[in-house]
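Structure, as structure tokens:
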Amino acid sequence: MAQATRFDLAIVGGGMVGASLARAASRIGLRTLVIEASEGAENAAAYDDRAIALARGSEQILQSLGVWGELEKESAPIRQVHVSDRGRFGFVRISAAEYGLNALGHVASGRALGRALFGGLERLPGVTLLRPARLVRFIDRPDAVELVVMQQRQERILQCALLAAADGARSPVRQQLGIAATDWAYGQHALIANLTVSAPARGVAYERFTDSGPMAMLPMVDGRYAMVWTLDDAAVEAAMALSDGDFLARVQRRFGMRLGRFTAAAPRSLYPLKLVRAKRQGRGRVLLIGNAAHAVHPITGQGFNLGIRDVAVLADLLFEARRDDKDPGNAELCRAYAQARERDQRELALITDGLVRLFTSPLLPVRAARDIGLTALDNLPWAKALVAQRFMGFGGRQPRPARGIPFPPTPVARTVKTTEHTENTER
Ligand SMILES: Cc1cc2nc3c(=O)[nH]c(=O)nc-3n(C[C@H](O)[C@H](O)[C@H](O)COP(=O)(O)OP(=O)(O)OC[C@H]3O[C@@H](n4cnc5c(N)ncnc54)[C@H](O)[C@@H]3O)c2cc1C
């Protein structure tokens with residue numbers, strides 16, 4: 001069968017965000033091309049051992065993509081979040097029950113997300129997966145984007161009406177577009193390790209602020225805990241060099257006995273931490289989504305939750321364009337996407353960055369202020385409800401997928417309608 005060379009939508013990057021968009025596009029009936037650079041049986045770099053806290057709002061989006069049913073079986077519910085400051089008095093507890101809910105969210109492993117989102121992508125109606133393949137460059141023309149893709153040392157020229165760049169925080173597409181970005185290294189790494197504990201508190205997630213950096217413990221489906229420990233760059237090498245026994249003893253001293261004894265640790269991995277925020281959402285027929293537009297510190301576990309909200313909004317706009325037989329890359333759609341996503345991304349980047357600064361400051365007045373803040377929050381139901389609402393991923397425009405409304409399955413169209421972009425709108 002001859003390969004189609006013209007697509008409604010091309011997605012660069014098959015990580016969590018790109019794969020989610022491809023699933024939505026298939027349901028909408030778009031002819032979709034996914035270009036993913038990684039090799040091997042799985043997309044192992046994008047779907048690794050890290051644990052991902054999924055906000056309730058994200059679960060609804062995953063539900064509308066048809067993957068939540070299976071993923072839920074492999075995920076641990078978060079029924080309570082417990083935030084405390086080591087050696088100080090401030091703490092806050094947020095419980096799902098206070099809001100009449102069963103869970104505030106769930107924790108899934110990166111690998112489970114890989115199976116749910118990336119697995120079988122190439123078999124979805126309308127989806128063509130090129131892998132391993134790399135987008136080398138592109139030309140954004142008024143009526144289409146021309147793509148130069150390298151696969152098996154051969155260059156292929158393909159076309160699409162809309163290009164979604166889900167190519168990660170370093171985003172080569174963002175660079176080729178010449179879009180500037182805030183790119184701020186925190187001088188910290190996240191050290192992650194999955195830990196076995198003697199007294200698991202099922203359903204409770206912990207965020208503990210310690211003098212050597214915040215430490216999150218997320219419950220896993222197998223009873224273990226996924227630790228995310230933020231350490232200054234200077235402390236990282238020593239923590240990685242510790243024997244398992246010394247490492248567990250150190251974690252125990254920092255975290256305390258809330259989960260009993262830490263008895264075993266899986267291999268540790270490191271991630272350099274950065275704040276990346278693109279100054280624009282795209283240009284012409286190209287849009288940035290997920291980490292390509294914004295990468296945030298994992299202190300609040302919100303990076304993918306923010307990215308999947310990009311997907312929900314874009315999918316909703318693409319659904320309307322398909323329903324009304326419009327060009328999927330039309331200028332109005334691109335503008336509407338940029339307007340709809342700006343506020344959520346800006347606010348979350350500000351909140352996350354503020355929390356990092358507040359909770360990693362060693363200054364006594366700052367520590368005192370945050371204790372007072374945590375205690376006040378614990379005693380102010382309305383303030384707590386606002387925080388809970390935000391971290392469950394609700395608020396702002398709620399597109400169809402975020403309300404759990406699936407797109408009616410639509411057959412893949414044979415022709416792609418296009419219009420000319422007459423202006424290169426600043427977004
Ligand atoms: C330690 C840690 C803990 C985290 N915890 C949470 C959490 O609890 N909750 C949460 O919501 N988020 C969390 N996050 C954030 C989350 O992991 C990211 O937001 C998410 O993985 C970003 O996905 P993405 O698809 O945008 O980008 P990526 O995962 O970076 O994927 C980009 C993809 O693009 C491909 N690519 C790049 N260039 C090209 C090219 N030219 N051609 C073809 N393919 C290309 C790459 O191979 C890759 O597969 C955490 C992050 C870290 C580091």
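Naming scheme: A, B, ... for chains in displayed order of the structure tokens; residues 1 onward per chain; ligands 1 onward as shown.
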
Residues flagged strand (DSSP E or B) by DSSP in segment 187-341 of chain A, as a ChimeraX atom specification: /A:187-197,204-210,213-219,225-232,262-265,269-278,282-283,286-288,294-295

Who sits within 12 Å of Arg174 of chain A, only C-alpha atoms, same chain under 5 positions skipped, as number ranges by chain: A: 12, 137-138, 163-169, 179-181, 276-283, 286-294

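Counting only C-alpha atoms, the residue from A:Asp85, A:Arg250, A:Gly393, A:Asp327 that sits nearest to Ala369 of chain A is A:Asp85.
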
Long-range neighbours of Asp222 of chain A as a PyMOL selection string, 10 Å cut-off, only C-alpha atoms, 3 positions minimum in chain: chain A and resi 74-76+196+219+225

All residues 8 Å or closer to segment 206-218 of chain A, only C-alpha atoms, same chain fewer than 6 positions away omitted, as an MDAnalysis selection string: chainID A and resid 51 53 81:86 107 225:232 254:255 299 359:360 362

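Excluding segment 308-323 of chain A itself and any same-chain residue fewer than 3 positions from it, the protein and nucleic acid residues within 8 Å of it, counting only C-alpha atoms, are Val17, Ser20, Leu21, Ala24, Ala25, Ile28, Gly29, Leu30, Ser58, Ile61, Ile289, Gly290, Phe304, Asn305, Lys326, Asp327, Pro328, Leu333, Tyr337, Ala340, Arg341, Gln398, Pro399, Arg400, Pro401, Ala402 and Phe407 of chain A.
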
Pairwise distance for atom CA of Ala239 of chain A and atom CA of Leu195 of chain A, rounded to one decimal in Å: 15.2 Å

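You can rank A:Cys334, A:Leu9, A:Leu33, A:Ile52 by their closest distance to ligand 1 using only C-alpha atoms and all ligand atoms, and at the top of that list sits A:Ile52.
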
Distance criterion (only C-alpha atoms): nearest to Cys160 of chain A out of A:Arg335, A:Asp140, A:Pro409, A:Gly307: A:Asp140

Give me the residues near Gly187 of chain A as a compact mmCIF listing (two decimals) with N, CA and C atoms, in the first residue's frame, where near means some atom within 10 Å (using only C-alpha atoms) and where sequence neighbours in that chain fewer than 2 positions away do not count.
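What landed in out19.txt:
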```
# COMPACT_ATOMS: atom_id res chain seq x y z
N TRP A 184 15.94 27.99 32.98
CA TRP A 184 16.56 28.30 34.25
C TRP A 184 16.93 27.01 34.97
N ALA A 185 18.23 26.77 35.15
CA ALA A 185 18.65 25.56 35.88
C ALA A 185 18.57 25.85 37.38
N HIS A 189 19.19 18.43 41.40
CA HIS A 189 18.80 17.21 40.68
C HIS A 189 17.68 16.53 41.48
N LEU A 231 17.90 17.35 45.47
CA LEU A 231 19.19 17.62 46.13
C LEU A 231 19.95 18.69 45.36
N ASP A 232 20.72 19.50 46.09
CA ASP A 232 21.59 20.47 45.41
C ASP A 232 22.62 19.69 44.60
N ASP A 233 23.03 20.28 43.47
CA ASP A 233 24.00 19.60 42.58
C ASP A 233 25.22 19.09 43.36
N ALA A 234 25.68 19.92 44.33
CA ALA A 234 26.91 19.58 45.05
C ALA A 234 26.74 18.32 45.91
N PRO A 272 18.44 16.24 36.06
CA PRO A 272 18.74 17.66 36.33
C PRO A 272 17.44 18.46 36.29
N LEU A 273 17.28 19.44 37.18
CA LEU A 273 16.00 20.15 37.26
C LEU A 273 16.10 21.56 36.68
N LYS A 274 15.08 21.87 35.87
CA LYS A 274 15.07 23.14 35.14
C LYS A 274 13.67 23.69 35.09
```
